[in-house]
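Visitor: What follows is the file entry07.txt, containing compact mmCIF, C-alpha atoms:
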```
# COMPACT_ATOMS: atom_id res chain seq x y z
CA PRO A 1 0.00 0.00 0.00
CA ARG A 2 2.84 2.46 0.67
CA PRO A 3 4.18 3.16 -2.85
CA ALA A 4 0.66 3.66 -4.24
CA SER A 5 -0.08 6.62 -1.99
CA LEU A 6 3.33 8.16 -2.61
CA LEU A 7 2.86 7.91 -6.35
CA ALA A 8 -0.57 9.52 -6.04
CA LEU A 9 1.40 12.70 -5.48
CA CYS A 10 2.87 12.18 -8.96
CA CYS A 11 -0.63 12.82 -10.38
CA ARG A 12 -0.74 16.12 -8.54
CA ASN A 13 2.79 17.00 -9.68
CA SER A 14 2.01 16.36 -13.34
CA LEU A 15 -1.16 18.46 -13.07
CA LEU A 16 0.81 21.30 -11.44
CA GLU A 17 3.48 21.12 -14.10
CA ALA A 18 0.89 21.25 -16.90
CA GLU A 19 -0.68 24.33 -15.33
CA LEU A 20 2.61 26.13 -14.79
CA VAL A 21 3.75 25.45 -18.35
CA GLN A 22 0.55 27.06 -19.53
CA LYS A 23 1.46 30.21 -17.61
CA GLY A 24 5.05 30.11 -18.86
CA GLN A 25 6.72 29.19 -15.55
CA ARG A 26 8.70 26.15 -14.47
CA LEU A 27 8.67 23.84 -11.46
CA PRO A 28 11.46 24.65 -8.95
CA ALA A 29 14.72 22.94 -9.85
CA PRO A 30 16.03 20.31 -7.44
CA ARG A 31 19.32 21.05 -5.75
CA LYS A 32 22.10 19.19 -7.55
CA THR A 33 25.73 18.81 -6.76
CA GLY A 34 27.28 19.69 -10.12
CA THR A 35 30.44 18.26 -8.85
CA THR A 36 33.92 16.94 -9.12
CA ILE A 37 34.53 13.81 -7.08
CA ALA A 38 37.52 11.52 -7.46
CA GLY A 39 39.22 8.58 -5.81
CA VAL A 40 42.56 6.89 -6.12
CA VAL A 41 44.07 3.68 -4.72
CA TYR A 42 47.57 4.10 -3.30
CA LYS A 43 50.02 1.78 -1.56
CA ASP A 44 48.22 1.39 1.80
CA GLY A 45 44.63 2.39 1.03
CA VAL A 46 42.42 4.83 -0.84
CA VAL A 47 42.23 8.63 -1.05
CA LEU A 48 38.83 10.18 -1.83
CA GLY A 49 38.42 13.82 -2.82
CA ALA A 50 35.50 16.15 -3.52
CA ASP A 51 34.75 19.83 -4.10
CA THR A 52 32.17 21.62 -1.93
CA ARG A 53 29.74 23.49 -4.17
CA ALA A 54 26.01 22.65 -4.41
CA THR A 55 24.01 24.29 -7.21
CA GLU A 56 20.30 24.93 -7.70
CA GLY A 57 19.96 25.60 -11.40
CA MET A 58 22.26 28.57 -12.00
CA ILE A 59 22.62 29.58 -8.34
CA VAL A 60 25.12 28.29 -5.83
CA ALA A 61 22.95 26.87 -3.07
CA ASP A 62 25.69 25.85 -0.65
CA LYS A 63 29.25 27.14 -0.74
CA ASN A 64 30.60 24.54 1.65
CA CYS A 65 28.60 21.35 1.52
CA SER A 66 30.07 18.01 2.49
CA LYS A 67 30.05 15.47 -0.31
CA ILE A 68 32.07 12.72 1.33
CA HIS A 69 29.54 10.62 3.23
CA PHE A 70 30.13 8.10 5.98
CA ILE A 71 29.15 4.54 5.20
CA SER A 72 31.08 2.66 7.87
CA PRO A 73 34.27 3.43 9.86
CA ASN A 74 36.37 1.91 7.09
CA ILE A 75 34.26 2.87 4.05
CA TYR A 76 33.41 6.35 2.75
CA CYS A 77 31.41 7.41 -0.30
CA CYS A 78 31.48 10.60 -2.39
CA GLY A 79 28.21 11.56 -4.04
CA ALA A 80 27.39 13.51 -7.21
CA GLY A 81 23.99 14.19 -8.77
CA THR A 82 20.84 15.18 -6.90
CA ALA A 83 21.98 16.12 -3.40
CA ALA A 84 18.99 14.62 -1.55
CA ASP A 85 19.31 11.35 -3.43
CA THR A 86 23.00 10.90 -2.60
CA GLU A 87 22.45 11.79 1.07
CA MET A 88 19.47 9.51 1.62
CA THR A 89 20.94 6.65 -0.37
CA THR A 90 24.24 6.70 1.48
CA GLN A 91 22.48 6.99 4.84
CA MET A 92 20.28 4.01 4.08
CA ILE A 93 23.15 1.88 2.87
CA SER A 94 25.13 2.90 5.95
CA SER A 95 22.28 1.71 8.21
CA ASN A 96 21.85 -1.51 6.27
CA LEU A 97 25.58 -2.19 6.36
CA GLU A 98 25.66 -1.63 10.11
CA LEU A 99 22.81 -4.11 10.63
CA HIS A 100 24.53 -6.57 8.31
CA SER A 101 27.87 -6.30 10.09
CA LEU A 102 26.18 -6.77 13.48
CA SER A 103 24.52 -9.88 12.08
CA THR A 104 27.73 -11.36 10.60
CA GLY A 105 29.97 -10.14 13.44
CA ARG A 106 32.64 -8.91 10.98
CA LEU A 107 33.94 -5.60 9.69
CA PRO A 108 31.89 -4.70 6.59
CA ARG A 109 33.48 -5.08 3.16
CA VAL A 110 33.46 -2.51 0.38
CA VAL A 111 32.06 -5.05 -2.06
CA THR A 112 28.98 -5.50 0.18
CA ALA A 113 28.28 -1.77 0.13
CA ASN A 114 28.77 -1.79 -3.64
CA ARG A 115 26.33 -4.67 -4.11
CA MET A 116 23.68 -3.05 -1.88
CA LEU A 117 23.97 0.28 -3.69
CA LYS A 118 23.80 -1.19 -7.17
CA GLN A 119 20.78 -3.35 -6.34
CA MET A 120 18.89 -0.39 -4.94
CA LEU A 121 19.76 1.96 -7.79
CA PHE A 122 18.78 -0.64 -10.39
CA ARG A 123 15.48 -1.22 -8.64
CA TYR A 124 14.60 2.45 -9.17
CA GLN A 125 15.78 2.40 -12.81
CA GLY A 126 17.83 5.59 -12.68
CA TYR A 127 15.12 7.75 -11.10
CA ILE A 128 17.37 8.11 -8.07
CA GLY A 129 20.00 10.47 -9.50
CA ALA A 130 23.01 9.43 -7.47
CA SER A 131 26.49 8.90 -8.98
CA LEU A 132 28.84 7.66 -6.31
CA VAL A 133 32.51 6.99 -5.76
CA LEU A 134 32.79 4.33 -3.07
CA GLY A 135 36.13 3.60 -1.45
CA GLY A 136 37.40 1.81 1.61
CA VAL A 137 39.77 -0.67 3.15
CA ASP A 138 38.65 -4.05 4.50
CA VAL A 139 40.27 -7.41 5.31
CA THR A 140 40.86 -8.08 1.62
CA GLY A 141 42.65 -4.79 1.00
CA PRO A 142 41.83 -1.35 -0.44
CA HIS A 143 39.00 -1.12 -2.99
CA LEU A 144 37.54 1.67 -5.11
CA TYR A 145 34.25 1.53 -7.04
CA SER A 146 32.31 3.99 -9.16
CA ILE A 147 28.53 3.57 -9.23
CA TYR A 148 26.24 5.13 -11.86
CA PRO A 149 22.58 6.17 -11.32
CA HIS A 150 21.18 3.26 -13.31
CA GLY A 151 23.05 0.71 -11.24
CA SER A 152 26.21 -0.20 -13.16
CA THR A 153 29.50 -0.25 -11.27
CA ASP A 154 33.18 -0.22 -12.16
CA LYS A 155 36.10 -1.38 -10.03
CA LEU A 156 39.17 0.65 -10.93
CA PRO A 157 42.39 2.04 -9.43
CA TYR A 158 41.31 5.65 -10.11
CA VAL A 159 37.81 7.04 -10.80
CA THR A 160 36.15 10.43 -11.22
CA MET A 161 32.45 11.37 -11.35
CA GLY A 162 30.32 14.47 -11.71
CA SER A 163 30.27 17.38 -14.12
CA GLY A 164 33.98 18.07 -13.55
CA SER A 165 34.95 14.42 -14.05
CA LEU A 166 36.60 15.01 -17.42
CA ALA A 167 38.91 17.69 -16.05
CA ALA A 168 39.82 15.52 -13.06
CA MET A 169 40.31 12.41 -15.21
CA ALA A 170 42.70 14.33 -17.46
CA VAL A 171 44.92 15.01 -14.43
CA PHE A 172 44.72 11.38 -13.31
CA GLU A 173 45.58 10.03 -16.74
CA ASP A 174 48.63 12.23 -16.83
CA LYS A 175 50.07 11.66 -13.37
CA TYR A 176 48.73 8.39 -11.92
CA LYS A 177 51.30 5.72 -10.94
CA GLN A 178 50.76 2.42 -9.20
CA ASP A 179 51.70 2.09 -5.52
CA MET A 180 52.05 5.78 -4.73
CA GLU A 181 52.95 7.10 -1.30
CA GLU A 182 50.31 8.81 0.81
CA GLU A 183 51.51 12.39 0.26
CA GLU A 184 51.86 11.81 -3.47
CA ALA A 185 48.33 10.41 -3.65
CA LYS A 186 46.88 13.32 -1.64
CA GLN A 187 48.61 15.82 -3.92
CA LEU A 188 47.34 14.02 -7.02
CA VAL A 189 43.72 14.02 -5.81
CA ARG A 190 44.04 17.68 -4.77
CA ASP A 191 45.27 18.56 -8.26
CA ALA A 192 42.48 16.60 -9.93
CA ILE A 193 39.73 18.26 -7.88
CA ALA A 194 41.36 21.66 -8.42
CA ALA A 195 41.25 21.03 -12.17
CA GLY A 196 37.52 20.37 -11.82
CA ILE A 197 37.00 23.50 -9.70
CA TYR A 198 38.78 25.82 -12.09
CA ASN A 199 37.46 24.41 -15.34
CA ASP A 200 33.87 23.47 -14.50
CA LEU A 201 31.15 25.92 -13.46
CA GLY A 202 29.30 23.32 -11.42
CA SER A 203 32.24 22.75 -9.06
CA GLY A 204 33.88 25.24 -6.78
CA SER A 205 34.91 26.42 -3.31
CA ASN A 206 37.08 24.10 -1.25
CA ILE A 207 38.65 20.68 -1.65
CA ASP A 208 37.83 17.96 0.89
CA ILE A 209 40.04 14.90 1.17
CA CYS A 210 39.49 11.60 2.97
CA VAL A 211 42.41 9.19 3.42
CA ILE A 212 41.43 5.65 4.40
CA SER A 213 44.02 3.03 5.26
CA LYS A 214 44.15 -0.08 7.41
CA ASN A 215 45.08 1.60 10.67
CA LYS A 216 43.97 5.19 10.24
CA LEU A 217 41.32 7.45 8.79
CA ASP A 218 41.93 11.11 7.96
CA PHE A 219 38.96 13.28 7.12
CA LEU A 220 40.49 16.60 6.05
CA ARG A 221 37.81 19.20 5.58
CA PRO A 222 38.89 21.53 4.06
CA TYR A 223 42.15 20.23 2.75
CA ASP A 224 42.67 23.22 0.52
CA VAL A 225 40.74 26.42 0.02
CA ALA A 226 41.11 26.89 -3.72
CA ASN A 227 38.66 29.78 -4.08
CA ARG A 228 39.03 32.52 -1.54
CA LYS A 229 36.39 35.22 -1.17
CA GLY A 230 37.83 38.67 -1.77
CA GLU A 231 38.90 40.65 1.29
CA ARG A 232 37.63 44.20 1.77
CA TYR A 233 40.47 46.70 1.94
CA GLY A 234 38.72 49.65 3.49
CA ARG A 235 35.86 50.51 5.84
CA TYR A 236 32.77 51.51 3.95
CA LYS A 237 30.71 52.69 6.92
CA CYS A 238 30.09 56.41 7.48
CA GLU A 239 31.18 57.89 10.80
CA LYS A 240 28.61 59.59 13.00
CA GLY A 241 28.81 63.30 12.18
CA THR A 242 29.50 62.92 8.46
CA THR A 243 26.14 64.48 7.82
CA ALA A 244 25.55 67.72 9.74
CA VAL A 245 22.58 67.66 12.13
CA LEU A 246 20.41 70.81 11.75
CA THR A 247 17.53 70.18 14.19
CA GLU A 248 16.68 67.46 16.68
CA ASN A 249 13.20 66.58 17.99
CA VAL A 250 12.66 63.81 20.59
CA ALA A 251 9.09 62.48 21.06
CA LEU A 252 8.26 59.94 23.77
CA LEU A 253 5.93 57.08 22.82
CA GLU A 254 2.94 56.84 25.18
CA ILE A 255 2.16 53.20 25.93
CA GLU A 256 -0.83 52.54 28.16
CA VAL A 257 -1.85 49.18 29.55
CA VAL A 258 -5.20 48.31 27.96
CA ASP A 259 -5.90 44.77 29.12
CA GLU A 260 -4.20 42.39 31.50
CA THR A 261 -5.08 38.71 31.80
CA VAL A 262 -3.49 36.07 33.99
CA GLN A 263 -3.90 32.47 32.88
CA THR A 264 -2.97 29.80 35.39
CA MET A 265 -1.23 26.70 34.10
CA ASP A 266 -3.22 23.51 34.32
CA THR A 267 -1.02 21.43 36.61
CA SER A 268 -3.68 18.89 37.57
CA ASN B 1 0.41 -1.84 -30.10
CA SER B 2 -2.29 -3.32 -27.93
CA ARG B 3 0.02 -5.81 -26.25
CA GLY B 4 2.32 -3.03 -25.07
CA ALA B 5 -0.58 -0.88 -23.93
CA SER B 6 -2.12 -3.63 -21.84
CA ALA B 7 1.23 -4.18 -20.11
CA LEU B 8 1.12 -0.55 -19.01
CA LEU B 9 -2.38 -0.63 -17.51
CA LYS B 10 -2.75 -0.85 -13.78
CA ASP B 11 -3.77 -4.28 -12.64
CA SER B 12 -6.30 -3.09 -10.09
CA ILE B 13 -8.48 -0.01 -9.88
CA PRO B 14 -8.85 1.44 -6.38
CA ILE B 15 -12.28 1.63 -4.74
CA ALA B 16 -13.23 4.73 -2.74
CA GLU B 17 -12.14 4.78 0.90
CA PHE B 18 -14.47 3.41 3.49
CA SER B 19 -15.22 6.43 5.62
CA ALA B 20 -16.52 8.46 2.66
CA SER B 21 -19.78 10.35 2.87
CA GLY B 22 -21.31 13.06 0.71
CA LEU B 23 -21.25 13.43 -3.04
CA PHE B 24 -17.56 13.86 -3.86
CA GLU B 25 -15.94 13.12 -0.54
CA GLY B 26 -14.83 9.62 -1.45
CA HIS B 27 -12.26 11.21 -3.76
CA ASP B 28 -9.42 13.23 -2.27
CA LEU B 29 -9.46 16.29 -4.54
CA LEU B 30 -6.38 17.94 -3.06
CA ARG B 31 -4.13 14.94 -3.49
CA ARG B 32 -5.41 13.24 -6.61
CA GLY B 33 -6.81 16.07 -8.71
CA PHE B 34 -10.02 15.75 -10.69
CA THR B 35 -11.32 12.27 -11.57
CA SER B 36 -10.43 11.14 -15.04
CA VAL B 37 -10.41 7.78 -16.75
CA LYS B 38 -6.75 8.19 -17.68
CA ASN B 39 -5.74 8.57 -14.02
CA GLU B 40 -7.68 5.45 -13.09
CA LEU B 41 -6.32 3.21 -15.81
CA LEU B 42 -2.76 4.31 -16.52
CA PRO B 43 -0.03 4.41 -13.87
CA SER B 44 1.06 7.90 -12.85
CA HIS B 45 4.73 6.95 -12.73
CA PRO B 46 6.69 4.43 -14.81
CA LEU B 47 7.85 2.66 -11.68
CA GLU B 48 4.43 2.45 -10.01
CA LEU B 49 3.60 -1.06 -11.16
CA SER B 50 7.06 -2.48 -10.57
CA GLU B 51 7.21 -0.99 -7.07
CA LYS B 52 3.74 -2.15 -6.11
CA ASN B 53 4.59 -5.73 -7.01
CA PHE B 54 8.18 -5.60 -5.85
CA GLN B 55 7.80 -7.72 -2.71
CA LEU B 56 5.70 -10.29 -4.58
CA ASN B 57 8.24 -10.57 -7.37
CA GLN B 58 11.11 -10.89 -4.93
CA ASP B 59 9.33 -13.68 -3.06
CA LYS B 60 8.59 -15.45 -6.33
CA THR B 61 12.23 -15.26 -7.43
CA ASN B 62 13.47 -16.50 -4.08
CA PHE B 63 11.04 -19.41 -4.09
CA ASP B 64 12.03 -20.36 -7.63
CA THR B 65 15.72 -20.36 -6.72
CA LEU B 66 15.00 -22.39 -3.59
CA ARG B 67 13.02 -24.91 -5.61
CA ASN B 68 15.85 -25.32 -8.09
CA ILE B 69 18.42 -25.85 -5.37
CA GLN B 70 16.60 -27.89 -2.76
CA GLY B 71 13.57 -29.37 -4.49
CA LEU B 72 9.87 -28.71 -4.27
CA HIS B 73 9.46 -29.28 -0.55
CA ALA B 74 11.52 -26.27 0.51
CA PRO B 75 9.32 -23.50 -0.99
CA LEU B 76 6.19 -25.44 -0.04
CA LYS B 77 7.17 -25.56 3.62
CA LEU B 78 8.18 -21.93 3.62
CA GLN B 79 4.95 -20.84 1.97
CA MET B 80 3.03 -22.75 4.59
CA GLU B 81 4.88 -20.82 7.29
CA PHE B 82 4.21 -17.54 5.46
CA ARG B 83 0.52 -18.28 5.30
CA ALA B 84 0.35 -19.21 8.97
CA VAL B 85 2.18 -16.08 10.01
CA LYS B 86 0.10 -13.73 7.83
CA GLN B 87 -3.02 -14.75 9.74
CA VAL B 88 -1.76 -13.23 12.97
CA GLN B 89 -3.01 -9.66 12.64
CA ARG B 90 -4.37 -6.98 14.92
CA LEU B 91 -7.87 -5.55 14.75
CA PRO B 92 -8.69 -4.02 11.34
CA PHE B 93 -8.08 -0.34 12.12
CA LEU B 94 -4.70 -0.93 13.81
CA HIS B 95 -1.69 -1.82 11.70
CA SER B 96 0.31 -4.86 12.78
CA SER B 97 4.07 -5.07 12.95
CA ASN B 98 4.26 -8.31 10.91
CA ILE B 99 7.41 -9.17 12.80
CA ALA B 100 7.29 -12.91 12.10
CA LEU B 101 6.71 -12.32 8.39
CA ASP B 102 9.64 -9.91 8.25
CA THR B 103 11.90 -12.39 10.02
CA LEU B 104 10.96 -15.17 7.62
CA ARG B 105 11.63 -12.94 4.63
CA GLY B 106 14.89 -11.65 6.05
CA ASN B 107 13.58 -8.08 6.10
CA ASP B 108 14.20 -7.72 9.84
CA GLU B 109 17.80 -6.79 9.08
CA CYS B 110 17.03 -4.38 6.24
CA ILE B 111 15.91 -0.78 6.19
CA SER B 112 14.36 0.52 2.99
CA PHE B 113 12.12 3.38 1.93
CA GLU B 114 8.97 1.66 3.19
CA ASP B 115 10.31 2.00 6.74
CA ILE B 116 11.26 5.65 6.47
CA LEU B 117 8.69 7.25 4.20
CA ASN B 118 4.94 7.02 4.69
CA ASP B 119 5.11 4.93 7.85
CA PRO B 120 1.50 3.75 8.48
CA SER B 121 1.87 4.27 12.23
CA GLN B 122 2.42 7.98 11.53
CA SER B 123 -0.41 8.37 9.04
CA GLU B 124 -2.73 11.38 9.54
CA VAL B 125 -5.89 9.52 8.56
CA MET B 126 -7.48 6.60 10.31
CA GLY B 127 -10.46 4.42 9.56
CA GLU B 128 -13.45 4.57 11.85
CA PRO B 129 -12.88 1.75 14.37
CA HIS B 130 -16.52 0.83 14.98
CA MET B 131 -17.50 0.74 11.31
CA MET B 132 -14.47 -1.35 10.41
CA MET B 133 -15.12 -3.85 13.18
CA GLU B 134 -18.76 -4.16 12.15
CA TYR B 135 -17.74 -4.70 8.54
CA LYS B 136 -15.24 -7.38 9.56
CA LEU B 137 -17.80 -9.21 11.69
CA GLY B 138 -20.39 -8.98 8.94
CA LEU B 139 -22.86 -6.94 10.99
CA LEU B 140 -22.86 -4.00 8.61
```
Can you present the structure in this file as structure tokens?
Guide:
Amino acid sequence: PRPASLLALCCRNSLLEAELVQKGQRLPAPRKTGTTIAGVVYKDGVVLGADTRATEGMIVADKNCSKIHFISPNIYCCGAGTAADTEMTTQMISSNLELHSLSTGRLPRVVTANRMLKQMLFRYQGYIGASLVLGGVDVTGPHLYSIYPHGSTDKLPYVTMGSGSLAAMAVFEDKYKQDMEEEEAKQLVRDAIAAGIYNDLGSGSNIDICVISKNKLDFLRPYDVANRKGERYGRYKCEKGTTAVLTENVALLEIEVVDETVQTMDTS
Amino acid sequence: NSRGASALLKDSIPIAEFSASGLFEGHDLLRRGFTSVKNELLPSHPLELSEKNFQLNQDKTNFDTLRNIQGLHAPLKLQMEFRAVKQVQRLPFLHSSNIALDTLRGNDECISFEDILNDPSQSEVMGEPHMMMEYKLGLL
């Protein structure tokens, strides 16, 4: 019974849209994360990176949103696409993975999270607009997956998603090496996200980085502030006395008590 | 293409809610818009039919797999348990937790959209208890 009543709202939505189109207006645009997200596998683990701009059509809705979502202590997921979809999807998979790991008694594996995500996204046939970069370290080693809205997944050593993915992938293709050190990997991801920020309108603001390895987890937010807001050089306020005062007239406001009621609280 | 069109039709047409009274009050104008044949027959969203039958299809697939692996007795026994467990329900106007059914299906360890969105225990409307009991007992 549940989905039927939810989809009844679709009738209303289509009626509303038809009416608005008649008047020449549009339905409000959902908030998207036109984004650059990227991940890379290095010697001891994975490094995930993301920018921090969320757009609503042509407006920047959030200058510092967090796109790297928690799935489990050893698995994190970056999300591109419709912001609500990525948030809710990752939260649900995080809950399901927690229940699953309590049931098995083991640390969750990245491949489990991947399988759960792809089954859910395929069930909704691409209507959930969430493109994800899933990375983590488990007993079998470091793993990195990219997951598309229709439910297909790729397992690769370096992945990028979002509107700035081409710019970031260009940097990866140029500089990626196998078995990098941690600092090298962090610098590479930083450069890739910066390429997305500078060359894509949908990405901007800061760069967040998440380093996951077997014995530690670093969530660096922000790792680098690529776009700084301009600083004001002077004071633009006028001092008191800039404008000459010619006359001054002070009038007191008369307030009289018209009605007073006391209502006792019902403490019975 | 009549074959394609019939695959798109809804498989059941909803009847007006029970506690309706008055000329148009069986139909929720605010939520469903004006009555039209198109709204009754065609689904309002491409995923409506697949989502409505999702649990049924999942059960069917699981039973088929179980039959192929373990033989006919396995799904038969499980279906018997399902049927027994579905009979344990609360009174008609209260929703039941279906905890045994969820455990049998394996849904007790899963959270999906049915648990978060549109939870029936948080619904704003409720059927009239007396009328529903009378209907169930056949006194109406």
Visitor: Centre and edge lengths, as AutoDock Vina command-line options, for the axis-aligned box enclosing every listed atom of stretch 179-187 of chain A with 3 Å of padding on each of the six sides, in Å to one decimal?
Guide:
```
--center_x 49.9 --center_y 9.0 --center_z -2.4 --size_x 12.1 --size_y 19.7 --size_z 12.3
```
Visitor: Could you give me, as JSON, numbers by chain, the residues within 9 Å of stretch 129-137 of chain A, counting all atoms listed in the file and dropping anything in the same chain fewer than 5 positions from it?
Guide: {"A": [37, 38, 39, 40, 41, 44, 45, 46, 47, 48, 72, 73, 74, 75, 76, 77, 78, 79, 80, 81, 82, 83, 84, 85, 86, 87, 89, 109, 110, 113, 114, 121, 142, 143, 144, 145, 146, 147, 148, 149, 150, 159, 160, 161, 162, 212, 213, 214]}
Visitor: Atom CA of B:Glu81 to atom CA of A:Met116: how many Å, to one decimal?
Guide: 27.4 Å
Visitor: Chain B near chain A within 9 Å: what's each residue's closest atom pair and its distance in Å to one decimal, counting only C-alpha atoms, ordered by chain then ascending residue number, as a Markdown table?
Guide:
```
| residue | atom | partner | partner_atom | distance |
| --- | --- | --- | --- | --- |
| B:Leu30 | CA | A:Arg12 | CA | 8.1 |
| B:Arg31 | CA | A:Arg12 | CA | 6.2 |
| B:Arg32 | CA | A:Arg12 | CA | 5.8 |
| B:Gly33 | CA | A:Arg12 | CA | 6.1 |
| B:Asn39 | CA | A:Cys11 | CA | 7.6 |
| B:Pro43 | CA | A:Leu7 | CA | 8.8 |
| B:Ser44 | CA | A:Cys11 | CA | 5.8 |
| B:His45 | CA | A:Cys10 | CA | 6.7 |
| B:Leu47 | CA | A:Tyr124 | CA | 7.2 |
| B:Glu48 | CA | A:Leu7 | CA | 6.8 |
| B:Leu49 | CA | A:Ala4 | CA | 8.9 |
| B:Ser50 | CA | A:Arg123 | CA | 8.7 |
| B:Glu51 | CA | A:Pro3 | CA | 6.6 |
| B:Lys52 | CA | A:Pro3 | CA | 6.2 |
| B:Phe54 | CA | A:Arg123 | CA | 9.0 |
| B:Glu109 | CA | A:Leu99 | CA | 5.9 |
| B:Cys110 | CA | A:Asn96 | CA | 5.6 |
| B:Ile111 | CA | A:Asn96 | CA | 6.0 |
| B:Ser112 | CA | A:Met92 | CA | 7.0 |
| B:Phe113 | CA | A:Met92 | CA | 8.5 |
| B:Glu114 | CA | A:Arg2 | CA | 6.7 |
| B:Leu117 | CA | A:Arg2 | CA | 8.3 |
| B:Asn118 | CA | A:Arg2 | CA | 6.4 |
| B:Asp119 | CA | A:Arg2 | CA | 7.9 |
| B:Pro120 | CA | A:Arg2 | CA | 8.0 |
```
Visitor: Counting only C-alpha atoms, I want the residues whose atoms come within 9 Å of (46.6, 22.1, -4.8) in the file frame, returned as a list in words.
Guide: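 The distance filter leaves exactly Gln187, Leu188, Val189, Arg190, Asp191, Ala192, Ile193, Ala194, Ile207, Tyr223, Asp224, Val225 and Ala226 of chain A.
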Visitor: For the residues selected in the previous step, produce a file with C-alpha atoms as a CSV table (one decimal), keeping the file's coordinate frame.
Guide:
```
chain,number,residue,atom,x,y,z
A,187,GLN,CA,48.6,15.8,-3.9
A,188,LEU,CA,47.3,14.0,-7.0
A,189,VAL,CA,43.7,14.0,-5.8
A,190,ARG,CA,44.0,17.7,-4.8
A,191,ASP,CA,45.3,18.6,-8.3
A,192,ALA,CA,42.5,16.6,-9.9
A,193,ILE,CA,39.7,18.3,-7.9
A,194,ALA,CA,41.4,21.7,-8.4
A,207,ILE,CA,38.6,20.7,-1.6
A,223,TYR,CA,42.2,20.2,2.8
A,224,ASP,CA,42.7,23.2,0.5
A,225,VAL,CA,40.7,26.4,0.0
A,226,ALA,CA,41.1,26.9,-3.7
```
Visitor: In Å, rounded to a single decimal, give me how far atom CA of A:Thr52 is from atom CA of A:Tyr198.
Guide: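 Going from atom CA of A:Tyr198 over to atom CA of A:Thr52 covers 12.8 Å.
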Visitor: So what do you get for atom CA of B:Phe82 versus atom CA of B:Leu137, distance-wise?
Guide: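 Between atom CA of B:Phe82 and atom CA of B:Leu137 the gap works out to 24.3 Å.
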Visitor: Select all residues near (31.6, 23.0, -3.1) (cut-off 8 Å, inclusive, file coordinates), counting all atoms listed in the file, and output them as a ChimeraX atom specification.
Guide: /A:35,50-54,62-66,203-207
Visitor: Need the shell around B:Asp59: protein/DNA/RNA residues with any atom at most 12 Å away, counting all atoms listed in the file. Skip same-chain ones fewer than 4 positions apart. Format as a PyMOL selection string?
Guide: chain B and resi 53-55+63-66+75+78-79+82+101-102+104-107
Visitor: Using only C-alpha atoms, which of B:Leu91, B:Met80, B:Leu41, B:Ala74 sits nearest B:Glu134?
Guide: B:Leu91
